[in-house]
file run_16.csv (CSV, C-alpha atoms and all ligand atoms)
chain,number,residue,atom,x,y,z
A,3,MET,CA,8.7,-25.3,-4.6
A,4,ARG,CA,8.9,-21.7,-5.6
A,5,LYS,CA,6.1,-19.5,-4.4
A,6,LEU,CA,3.4,-18.5,-6.9
A,7,ILE,CA,2.8,-14.7,-7.0
A,8,VAL,CA,-0.1,-13.7,-9.2
A,9,GLY,CA,-0.9,-10.1,-10.1
A,10,ASN,CA,-4.5,-9.4,-11.0
A,11,TRP,CA,-4.6,-6.0,-12.7
A,12,LYS,CA,-8.4,-5.9,-12.8
A,13,MET,CA,-9.9,-3.1,-14.9
A,14,ASN,CA,-7.0,-0.7,-14.5
A,15,GLY,CA,-4.6,1.0,-17.0
A,16,TRP,CA,-4.5,0.8,-20.8
A,17,GLY,CA,-2.2,-0.4,-23.6
A,18,ASP,CA,1.0,1.6,-23.1
A,19,GLU,CA,0.8,1.4,-19.3
A,20,TRP,CA,0.3,-2.4,-19.4
A,21,CYS,CA,3.3,-2.8,-21.7
A,22,ALA,CA,5.5,-0.6,-19.5
A,23,LEU,CA,4.4,-2.5,-16.4
A,24,ALA,CA,5.0,-5.9,-18.0
A,25,ALA,CA,8.5,-4.8,-19.2
A,26,ASP,CA,9.4,-3.5,-15.7
A,27,ILE,CA,8.3,-6.8,-14.1
A,28,ALA,CA,10.0,-8.9,-16.8
A,29,LEU,CA,13.3,-7.0,-16.2
A,30,GLN,CA,13.3,-7.4,-12.5
A,31,ALA,CA,11.9,-11.0,-12.5
A,32,GLN,CA,15.2,-12.7,-12.7
A,33,LYS,CA,16.2,-11.1,-9.3
A,34,VAL,CA,13.5,-13.0,-7.4
A,35,ASN,CA,13.1,-16.7,-6.8
A,36,ALA,CA,9.4,-17.0,-7.4
A,37,GLU,CA,6.9,-18.0,-10.1
A,38,LEU,CA,5.3,-14.8,-11.3
A,39,VAL,CA,2.1,-14.5,-13.2
A,40,VAL,CA,0.4,-11.3,-14.5
A,41,CYS,CA,-3.3,-11.1,-15.4
A,42,PRO,CA,-4.0,-8.0,-17.6
A,43,PRO,CA,-7.5,-7.3,-19.0
A,44,PHE,CA,-8.4,-9.4,-22.0
A,45,VAL,CA,-7.6,-6.7,-24.6
A,46,GLY,CA,-4.1,-6.4,-23.2
A,47,LEU,CA,-3.2,-10.1,-23.3
A,48,ARG,CA,-1.5,-10.2,-26.7
A,49,ASP,CA,0.6,-7.0,-26.2
A,50,VAL,CA,1.6,-8.1,-22.7
A,51,GLU,CA,2.6,-11.5,-23.9
A,52,LYS,CA,4.8,-9.9,-26.6
A,53,VAL,CA,6.5,-7.8,-24.0
A,54,LEU,CA,7.1,-10.7,-21.7
A,55,SER,CA,8.6,-12.9,-24.4
A,56,ALA,CA,10.6,-10.2,-25.9
A,57,ASN,CA,12.3,-9.7,-22.6
A,58,GLY,CA,13.0,-13.4,-22.4
A,59,SER,CA,11.3,-13.5,-19.0
A,60,HIS,CA,9.7,-16.5,-17.3
A,61,VAL,CA,6.7,-14.4,-16.2
A,62,ALA,CA,3.6,-16.3,-17.1
A,63,LEU,CA,0.4,-14.8,-18.6
A,64,GLY,CA,-3.0,-15.2,-16.9
A,65,ALA,CA,-6.5,-14.1,-17.7
A,66,GLN,CA,-9.0,-12.7,-15.2
A,67,ASP,CA,-11.9,-14.8,-16.3
A,68,VAL,CA,-13.4,-17.0,-19.1
A,69,HIS,CA,-16.8,-17.9,-20.3
A,70,HIS,CA,-18.3,-21.2,-19.1
A,71,LYS,CA,-19.3,-22.3,-22.6
A,72,LYS,CA,-16.8,-23.2,-25.3
A,73,SER,CA,-18.2,-20.9,-28.0
A,74,GLY,CA,-21.4,-19.5,-29.3
A,75,ALA,CA,-23.7,-16.5,-29.2
A,76,TYR,CA,-22.3,-14.8,-26.1
A,77,THR,CA,-21.8,-11.2,-27.1
A,78,GLY,CA,-18.9,-9.6,-25.4
A,79,ASP,CA,-17.6,-12.8,-23.8
A,80,VAL,CA,-14.2,-14.5,-24.1
A,81,SER,CA,-13.7,-18.3,-24.7
A,82,VAL,CA,-11.2,-20.7,-23.3
A,83,MET,CA,-9.9,-21.3,-26.9
A,84,MET,CA,-9.2,-17.6,-27.3
A,85,LEU,CA,-7.2,-17.5,-24.0
A,86,LYS,CA,-5.2,-20.6,-25.1
A,87,ASP,CA,-4.5,-18.9,-28.4
A,88,ALA,CA,-3.4,-15.8,-26.6
A,89,LYS,CA,-0.8,-18.0,-24.7
A,90,CYS,CA,-2.4,-17.8,-21.3
A,91,ARG,CA,-1.1,-20.3,-18.8
A,92,TYR,CA,-3.4,-19.4,-15.9
A,93,VAL,CA,-7.0,-18.3,-15.7
A,94,ILE,CA,-8.7,-16.8,-12.6
A,95,VAL,CA,-12.2,-18.2,-12.2
A,96,GLY,CA,-14.8,-17.3,-9.6
A,97,HIS,CA,-13.2,-14.0,-8.4
A,98,SER,CA,-15.5,-12.5,-5.8
A,99,GLU,CA,-15.9,-9.4,-8.0
A,100,ARG,CA,-17.3,-11.6,-10.8
A,101,ARG,CA,-19.4,-13.6,-8.3
A,102,ALA,CA,-20.9,-10.4,-7.0
A,103,ALA,CA,-21.2,-8.1,-10.0
A,104,HIS,CA,-22.0,-10.8,-12.6
A,105,LYS,CA,-24.0,-13.1,-10.4
A,106,GLU,CA,-21.7,-16.0,-11.3
A,107,THR,CA,-22.8,-19.3,-9.8
A,108,ASP,CA,-20.6,-22.0,-8.3
A,109,ALA,CA,-21.8,-24.3,-11.1
A,110,GLN,CA,-20.6,-21.9,-13.8
A,111,ILE,CA,-17.3,-21.5,-12.0
A,112,ALA,CA,-16.8,-25.3,-11.9
A,113,ALA,CA,-17.7,-25.4,-15.7
A,114,LYS,CA,-15.1,-22.7,-16.3
A,115,ALA,CA,-12.4,-24.5,-14.3
A,116,CYS,CA,-13.2,-27.8,-16.2
A,117,LEU,CA,-12.7,-26.0,-19.5
A,118,VAL,CA,-9.5,-24.4,-18.4
A,119,VAL,CA,-8.1,-27.8,-17.4
A,120,GLU,CA,-9.4,-29.4,-20.7
A,121,TYR,CA,-7.5,-26.8,-22.7
A,122,GLY,CA,-4.2,-27.4,-20.8
A,123,MET,CA,-4.2,-24.2,-18.7
A,124,ARG,CA,-4.3,-23.8,-14.9
A,125,PRO,CA,-7.4,-22.5,-13.2
A,126,ILE,CA,-7.1,-20.3,-10.1
A,127,VAL,CA,-10.4,-21.0,-8.4
A,128,CYS,CA,-11.3,-18.3,-5.9
A,129,VAL,CA,-13.3,-18.8,-2.8
A,130,GLY,CA,-13.9,-16.6,0.3
A,131,GLU,CA,-16.4,-15.5,2.9
A,132,THR,CA,-18.2,-12.2,2.5
A,133,GLU,CA,-18.5,-11.2,6.1
A,134,HIS,CA,-15.7,-11.2,8.7
A,135,GLY,CA,-17.1,-13.8,11.1
A,136,SER,CA,-16.0,-16.7,13.2
A,137,LEU,CA,-13.5,-19.2,12.0
A,138,GLU,CA,-16.2,-21.9,12.1
A,139,ALA,CA,-18.5,-19.9,9.9
A,140,THR,CA,-15.8,-19.2,7.4
A,141,VAL,CA,-14.8,-22.8,7.1
A,142,LYS,CA,-18.5,-23.8,6.7
A,143,THR,CA,-18.9,-21.2,3.9
A,144,LEU,CA,-15.7,-22.3,2.2
A,145,LYS,CA,-16.6,-26.0,2.3
A,146,ALA,CA,-19.9,-25.4,0.5
A,147,GLN,CA,-18.3,-23.0,-2.0
A,148,LEU,CA,-15.3,-25.1,-2.8
A,149,ALA,CA,-17.2,-28.4,-3.2
A,150,ALA,CA,-19.6,-26.7,-5.7
A,151,SER,CA,-16.9,-24.7,-7.5
A,152,LEU,CA,-14.7,-27.8,-8.0
A,153,GLU,CA,-17.6,-30.1,-9.1
A,154,GLY,CA,-16.2,-32.3,-11.9
A,155,VAL,CA,-12.8,-30.6,-11.8
A,156,ASN,CA,-10.0,-33.1,-12.2
A,157,VAL,CA,-6.3,-32.8,-12.8
A,158,THR,CA,-3.6,-35.4,-13.3
A,159,ARG,CA,-1.0,-33.2,-11.5
A,160,GLY,CA,-2.0,-31.3,-8.4
A,161,ALA,CA,0.2,-28.4,-9.5
A,162,ASP,CA,-2.2,-27.8,-12.4
A,163,LEU,CA,-4.9,-26.6,-10.1
A,164,VAL,CA,-4.7,-23.5,-7.9
A,165,VAL,CA,-7.2,-22.6,-5.2
A,166,ALA,CA,-7.2,-19.0,-3.9
A,167,TYR,CA,-8.6,-18.1,-0.5
A,168,GLU,CA,-9.7,-14.5,-0.7
A,169,PRO,CA,-11.9,-13.2,2.2
A,170,VAL,CA,-14.1,-10.7,0.3
A,171,TRP,CA,-13.9,-8.2,3.2
A,172,ALA,CA,-10.1,-8.2,2.9
A,173,ILE,CA,-10.0,-7.4,-0.8
A,174,GLY,CA,-8.9,-3.8,-1.5
A,175,SER,CA,-9.6,-2.8,2.1
A,176,GLY,CA,-6.2,-2.8,3.6
A,177,LYS,CA,-7.5,-5.3,6.2
A,178,THR,CA,-6.3,-8.9,6.5
A,179,PRO,CA,-7.3,-11.8,8.8
A,180,LYS,CA,-5.0,-12.6,11.7
A,181,LEU,CA,-2.1,-14.7,10.5
A,182,ASP,CA,-3.2,-17.5,12.8
A,183,ASP,CA,-6.7,-17.4,11.2
A,184,ILE,CA,-5.2,-17.6,7.7
A,185,GLY,CA,-3.1,-20.6,8.8
A,186,GLN,CA,-6.2,-22.4,10.1
A,187,VAL,CA,-8.3,-21.6,7.1
A,188,MET,CA,-5.5,-22.9,4.8
A,189,ALA,CA,-5.2,-26.1,6.8
A,190,ALA,CA,-9.0,-26.6,6.5
A,191,LEU,CA,-8.8,-25.8,2.8
A,192,ARG,CA,-6.1,-28.5,2.4
A,193,GLU,CA,-8.5,-31.0,4.0
A,194,MET,CA,-11.3,-30.0,1.6
A,195,VAL,CA,-9.1,-30.3,-1.4
A,196,LYS,CA,-7.8,-33.7,-0.2
A,197,SER,CA,-11.4,-35.0,0.2
A,198,HIS,CA,-12.2,-33.7,-3.3
A,199,PHE,CA,-9.3,-35.8,-4.7
A,200,ALA,CA,-10.1,-38.7,-2.4
A,201,ASP,CA,-9.0,-41.2,-5.1
A,202,ASP,CA,-5.8,-39.3,-5.8
A,203,ASP,CA,-3.9,-38.6,-2.7
A,204,MET,CA,-1.0,-37.0,-4.5
A,205,ALA,CA,-3.2,-34.5,-6.3
A,206,GLY,CA,-5.0,-33.6,-3.1
A,207,LYS,CA,-1.7,-32.9,-1.4
A,208,THR,CA,-0.1,-30.9,-4.2
A,209,VAL,CA,-2.9,-28.5,-5.4
A,210,ARG,CA,-1.5,-25.1,-4.7
A,211,LEU,CA,-3.3,-22.9,-2.2
A,212,LEU,CA,-3.0,-19.1,-2.4
A,213,TYR,CA,-4.1,-16.3,0.0
A,214,GLY,CA,-5.4,-13.1,-1.5
A,215,GLY,CA,-6.7,-9.8,0.0
A,216,SER,CA,-4.6,-6.7,0.8
A,217,VAL,CA,-1.3,-8.5,0.3
A,218,LYS,CA,1.6,-6.0,0.0
A,219,ALA,CA,5.4,-6.2,0.4
A,220,ALA,CA,5.1,-5.4,4.1
A,221,ASN,CA,2.8,-8.3,5.0
A,222,ALA,CA,3.7,-10.8,2.3
A,223,ALA,CA,6.6,-12.7,4.0
A,224,ASP,CA,4.6,-13.5,7.1
A,225,ILE,CA,1.7,-14.8,5.0
A,226,LEU,CA,4.0,-16.7,2.5
A,227,ASN,CA,5.8,-18.4,5.4
A,228,LEU,CA,2.6,-20.0,6.7
A,229,PRO,CA,2.3,-23.7,6.2
A,230,GLU,CA,0.1,-24.6,3.2
A,231,VAL,CA,0.5,-21.1,1.6
A,232,ALA,CA,1.9,-21.7,-1.8
A,233,GLY,CA,1.6,-18.1,-2.9
A,234,VAL,CA,-0.5,-15.0,-3.1
A,235,LEU,CA,-3.1,-13.4,-5.4
A,236,VAL,CA,-2.4,-9.7,-5.5
A,237,GLY,CA,-4.7,-6.9,-6.8
A,238,GLY,CA,-3.7,-3.3,-5.9
A,239,ALA,CA,-0.1,-3.9,-5.2
A,240,SER,CA,0.4,-5.7,-8.5
A,241,LEU,CA,0.0,-2.4,-10.4
A,242,GLN,CA,3.5,-1.2,-9.7
A,243,ALA,CA,6.4,-3.3,-10.6
A,244,ASP,CA,8.5,-2.6,-7.5
A,245,GLN,CA,5.6,-3.3,-5.1
A,246,PHE,CA,4.7,-6.5,-7.0
A,247,LEU,CA,8.4,-7.6,-7.1
A,248,GLY,CA,8.7,-6.5,-3.5
A,249,ILE,CA,6.2,-9.1,-2.5
A,250,ALA,CA,8.2,-11.9,-4.2
A,251,ALA,CA,11.5,-10.4,-2.8
A,252,SER,CA,10.1,-10.2,0.8
A,253,LEU,CA,10.8,-13.8,1.4
A,254,GLN,CA,14.5,-13.5,0.4
A,255,ASN,CA,14.8,-10.3,2.5
A,256,LYS,CA,13.4,-12.0,5.5
A,257,ALA,CA,15.5,-15.2,5.1
A,301,LIG,P1,-6.2,-6.6,-3.3
A,301,LIG,O1,-7.0,-7.6,-4.3
A,301,LIG,O2,-4.8,-7.1,-3.3
A,301,LIG,O3,-6.3,-5.2,-4.0
A,301,LIG,O4,-6.8,-6.7,-2.0
A,301,LIG,C1,-6.9,-8.9,-4.3
A,301,LIG,C2,-7.8,-9.6,-5.3
A,301,LIG,O5,-8.9,-9.1,-5.6
A,301,LIG,O6,-7.4,-10.6,-5.8
call {"tool": "encode", "arguments": {"input": "run_16.csv", "output": "structure tokens"}}
result
Amino acid sequence: MRKLIVGNWKMNGWGDEWCALAADIALQAQKVNAELVVCPPFVGLRDVEKVLSANGSHVALGAQDVHHKKSGAYTGDVSVMMLKDAKCRYVIVGHSERRAAHKETDAQIAAKACLVVEYGMRPIVCVGETEHGSLEATVKTLKAQLAASLEGVNVTRGADLVVAYEPVWAIGSGKTPKLDDIGQVMAALREMVKSHFADDDMAGKTVRLLYGGSVKAANAADILNLPEVAGVLVGGASLQADQFLGIAASLQNKA
């Protein structure tokens, strides 16, 4: 299966910049053998979608968040229906920056993921430890976080759910865990996902697991080659087309 490379643009740039970046990525996308997703800020979704489809690219559109209720008196928030209508295919939920700055709870994150699935899009559920500690401590933290963040989440095809492991201390810091540690955490995550889908062995085996946190072209191939790593979630390095595409291309270059 092709690797999934997701670019989270966070709160960077503005209209013209987003469109230029999307056009650059769309043009170069056919050169790489990976599934690419870009997640612009909400107000850029429509323009970026137009640029992507005008260039006939297969780059998919994703959103950085969604509200946990379907609709109502939630000033400033964005609903799942709005994202569906804007042609999003993926929605990031539970990013650590939302968990920290907006005090999002695991229960809200699970509710968001359920809505995203209900509306036929794919949630990218983020989990990760705050402190760089022992492997045992990390696995313990992730177990609790993932079980609560996936409460009630069900998919008929494993590929429709994505779980991203993002150590909070690695995000934007230039630091990454040792490759061996990422590998062990991913293996543990696979077991957690399998036990969540205890009644559906196939779904448990095929949910896609991503790594995120200071991924760039220079370290991507080693991370993407680890067993269980189906792709990467990229922040800073997704803001320049050649860096973002370089992550996808790194696998081919290494092969
Ligand atoms: P980074 O961000 O690649 O800039 O570390 C990753 C993320 O927040 O998803």
call {"tool": "closest_atom_pairs", "arguments": {"input": "run_16.csv", "of": "segment 104-165 of chain A", "to": "segment 225-246 of chain A", "cutoff": "10 Å", "atoms": "all atoms listed in the file", "output": "Markdown table"}}
result
| residue | atom | partner | partner_atom | distance |
| --- | --- | --- | --- | --- |
| A:Ile126 | CA | A:Leu235 | CA | 9.3 |
| A:Cys128 | CA | A:Leu235 | CA | 9.6 |
| A:Val164 | CA | A:Ala232 | CA | 9.2 |
| A:Val165 | CA | A:Ala232 | CA | 9.8 |
call {"tool": "residues_around", "arguments": {"input": "run_16.csv", "residues": "Val118 of chain A", "least_positions_apart": "3", "cutoff": "10 Å", "atoms": "all atoms listed in the file", "output": "PyMOL selection string"}}
result
chain A and resi 68-70+81-83+85-86+91-95+112-115+121-126+155+163
call {"tool": "residues_near_ligand", "arguments": {"input": "run_16.csv", "ligand": "ligand LIG 301 (chain A)", "cutoff": "10 Å", "atoms": "only C-alpha atoms and all ligand atoms", "output": "PyMOL selection string"}}
result
chain A and resi 8-12+66+94+97-99+128+166-178+213-218+234-241
call {"tool": "write_last_selection", "arguments": {"input": "run_16.csv", "atoms": "C-alpha atoms", "output": "compact mmCIF listing (two decimals), in the coordinates of the input"}}
result
# COMPACT_ATOMS: atom_id res chain seq x y z
CA VAL A 8 -0.10 -13.70 -9.20
CA GLY A 9 -0.90 -10.10 -10.10
CA ASN A 10 -4.50 -9.40 -11.00
CA TRP A 11 -4.60 -6.00 -12.70
CA LYS A 12 -8.40 -5.90 -12.80
CA GLN A 66 -9.00 -12.70 -15.20
CA ILE A 94 -8.70 -16.80 -12.60
CA HIS A 97 -13.20 -14.00 -8.40
CA SER A 98 -15.50 -12.50 -5.80
CA GLU A 99 -15.90 -9.40 -8.00
CA CYS A 128 -11.30 -18.30 -5.90
CA ALA A 166 -7.20 -19.00 -3.90
CA TYR A 167 -8.60 -18.10 -0.50
CA GLU A 168 -9.70 -14.50 -0.70
CA PRO A 169 -11.90 -13.20 2.20
CA VAL A 170 -14.10 -10.70 0.30
CA TRP A 171 -13.90 -8.20 3.20
CA ALA A 172 -10.10 -8.20 2.90
CA ILE A 173 -10.00 -7.40 -0.80
CA GLY A 174 -8.90 -3.80 -1.50
CA SER A 175 -9.60 -2.80 2.10
CA GLY A 176 -6.20 -2.80 3.60
CA LYS A 177 -7.50 -5.30 6.20
CA THR A 178 -6.30 -8.90 6.50
CA TYR A 213 -4.10 -16.30 0.00
CA GLY A 214 -5.40 -13.10 -1.50
CA GLY A 215 -6.70 -9.80 0.00
CA SER A 216 -4.60 -6.70 0.80
CA VAL A 217 -1.30 -8.50 0.30
CA LYS A 218 1.60 -6.00 0.00
CA VAL A 234 -0.50 -15.00 -3.10
CA LEU A 235 -3.10 -13.40 -5.40
CA VAL A 236 -2.40 -9.70 -5.50
CA GLY A 237 -4.70 -6.90 -6.80
CA GLY A 238 -3.70 -3.30 -5.90
CA ALA A 239 -0.10 -3.90 -5.20
CA SER A 240 0.40 -5.70 -8.50
CA LEU A 241 0.00 -2.40 -10.40
call {"tool": "closest_residue", "arguments": {"input": "run_16.csv", "among": "A:Arg48, A:His60, A:Lys89, A:Lys33", "to": "Ser252 of chain A", "atoms": "all atoms listed in the file"}}
result
A:Lys33
call {"tool": "atom_distance", "arguments": {"input": "run_16.csv", "atom1": "atom CA of Asp87 of chain A", "atom2": "atom CA of Ala65 of chain A"}}
result
11.9 Å
call {"tool": "atom_distance", "arguments": {"input": "run_16.csv", "atom1": "atom CA of Ala102 of chain A", "atom2": "atom CA of Asp183 of chain A"}}
result
24.1 Å
call {"tool": "atom_distance", "arguments": {"input": "run_16.csv", "atom1": "atom CA of Arg159 of chain A", "atom2": "atom CA of Asp202 of chain A"}}
result
9.6 Å
call {"tool": "build_atoms", "arguments": {"input": "run_16.csv", "residues": "segment 197-208 of chain A", "atoms": "N, CA, C and O atoms", "output": "PDB file, in the frame of the given file"}}
result
ATOM      1  N   SER A 197     -10.189 -34.133   0.267  1.00  0.00           N
ATOM      2  CA  SER A 197     -11.400 -35.000   0.200  1.00  0.00           C
ATOM      3  C   SER A 197     -11.972 -34.872  -1.243  1.00  0.00           C
ATOM      4  O   SER A 197     -12.550 -35.836  -1.731  1.00  0.00           O
ATOM      5  N   HIS A 198     -11.776 -33.752  -1.921  1.00  0.00           N
ATOM      6  CA  HIS A 198     -12.200 -33.700  -3.300  1.00  0.00           C
ATOM      7  C   HIS A 198     -11.461 -34.685  -4.184  1.00  0.00           C
ATOM      8  O   HIS A 198     -12.022 -35.308  -5.079  1.00  0.00           O
ATOM      9  N   PHE A 199     -10.170 -34.825  -3.903  1.00  0.00           N
ATOM     10  CA  PHE A 199      -9.300 -35.800  -4.700  1.00  0.00           C
ATOM     11  C   PHE A 199      -9.132 -37.051  -3.854  1.00  0.00           C
ATOM     12  O   PHE A 199      -8.024 -37.565  -3.796  1.00  0.00           O
ATOM     13  N   ALA A 200     -10.220 -37.544  -3.276  1.00  0.00           N
ATOM     14  CA  ALA A 200     -10.100 -38.700  -2.400  1.00  0.00           C
ATOM     15  C   ALA A 200      -9.389 -39.872  -3.040  1.00  0.00           C
ATOM     16  O   ALA A 200      -8.686 -40.633  -2.371  1.00  0.00           O
ATOM     17  N   ASP A 201      -9.579 -40.024  -4.364  1.00  0.00           N
ATOM     18  CA  ASP A 201      -9.000 -41.200  -5.100  1.00  0.00           C
ATOM     19  C   ASP A 201      -7.554 -40.890  -5.509  1.00  0.00           C
ATOM     20  O   ASP A 201      -6.903 -41.743  -6.092  1.00  0.00           O
ATOM     21  N   ASP A 202      -7.106 -39.670  -5.326  1.00  0.00           N
ATOM     22  CA  ASP A 202      -5.800 -39.300  -5.800  1.00  0.00           C
ATOM     23  C   ASP A 202      -5.076 -38.486  -4.727  1.00  0.00           C
ATOM     24  O   ASP A 202      -5.087 -37.266  -4.737  1.00  0.00           O
ATOM     25  N   ASP A 203      -4.470 -39.232  -3.833  1.00  0.00           N
ATOM     26  CA  ASP A 203      -3.900 -38.600  -2.700  1.00  0.00           C
ATOM     27  C   ASP A 203      -2.833 -37.560  -3.036  1.00  0.00           C
ATOM     28  O   ASP A 203      -2.772 -36.485  -2.450  1.00  0.00           O
ATOM     29  N   MET A 204      -2.047 -37.878  -4.083  1.00  0.00           N
ATOM     30  CA  MET A 204      -1.000 -37.000  -4.500  1.00  0.00           C
ATOM     31  C   MET A 204      -1.553 -35.636  -4.982  1.00  0.00           C
ATOM     32  O   MET A 204      -1.062 -34.557  -4.613  1.00  0.00           O
ATOM     33  N   ALA A 205      -2.600 -35.700  -5.802  1.00  0.00           N
ATOM     34  CA  ALA A 205      -3.200 -34.500  -6.300  1.00  0.00           C
ATOM     35  C   ALA A 205      -3.744 -33.645  -5.129  1.00  0.00           C
ATOM     36  O   ALA A 205      -3.505 -32.440  -5.033  1.00  0.00           O
ATOM     37  N   GLY A 206      -4.426 -34.321  -4.217  1.00  0.00           N
ATOM     38  CA  GLY A 206      -5.000 -33.600  -3.100  1.00  0.00           C
ATOM     39  C   GLY A 206      -3.939 -32.889  -2.246  1.00  0.00           C
ATOM     40  O   GLY A 206      -4.170 -31.799  -1.731  1.00  0.00           O
ATOM     41  N   LYS A 207      -2.764 -33.505  -2.171  1.00  0.00           N
ATOM     42  CA  LYS A 207      -1.700 -32.900  -1.400  1.00  0.00           C
ATOM     43  C   LYS A 207      -0.968 -31.777  -2.085  1.00  0.00           C
ATOM     44  O   LYS A 207      -0.347 -30.937  -1.458  1.00  0.00           O
ATOM     45  N   THR A 208      -1.002 -31.801  -3.447  1.00  0.00           N
ATOM     46  CA  THR A 208      -0.100 -30.900  -4.200  1.00  0.00           C
ATOM     47  C   THR A 208      -0.845 -29.717  -4.877  1.00  0.00           C
ATOM     48  O   THR A 208      -0.186 -28.853  -5.449  1.00  0.00           O
TER      49      THR A 208
END
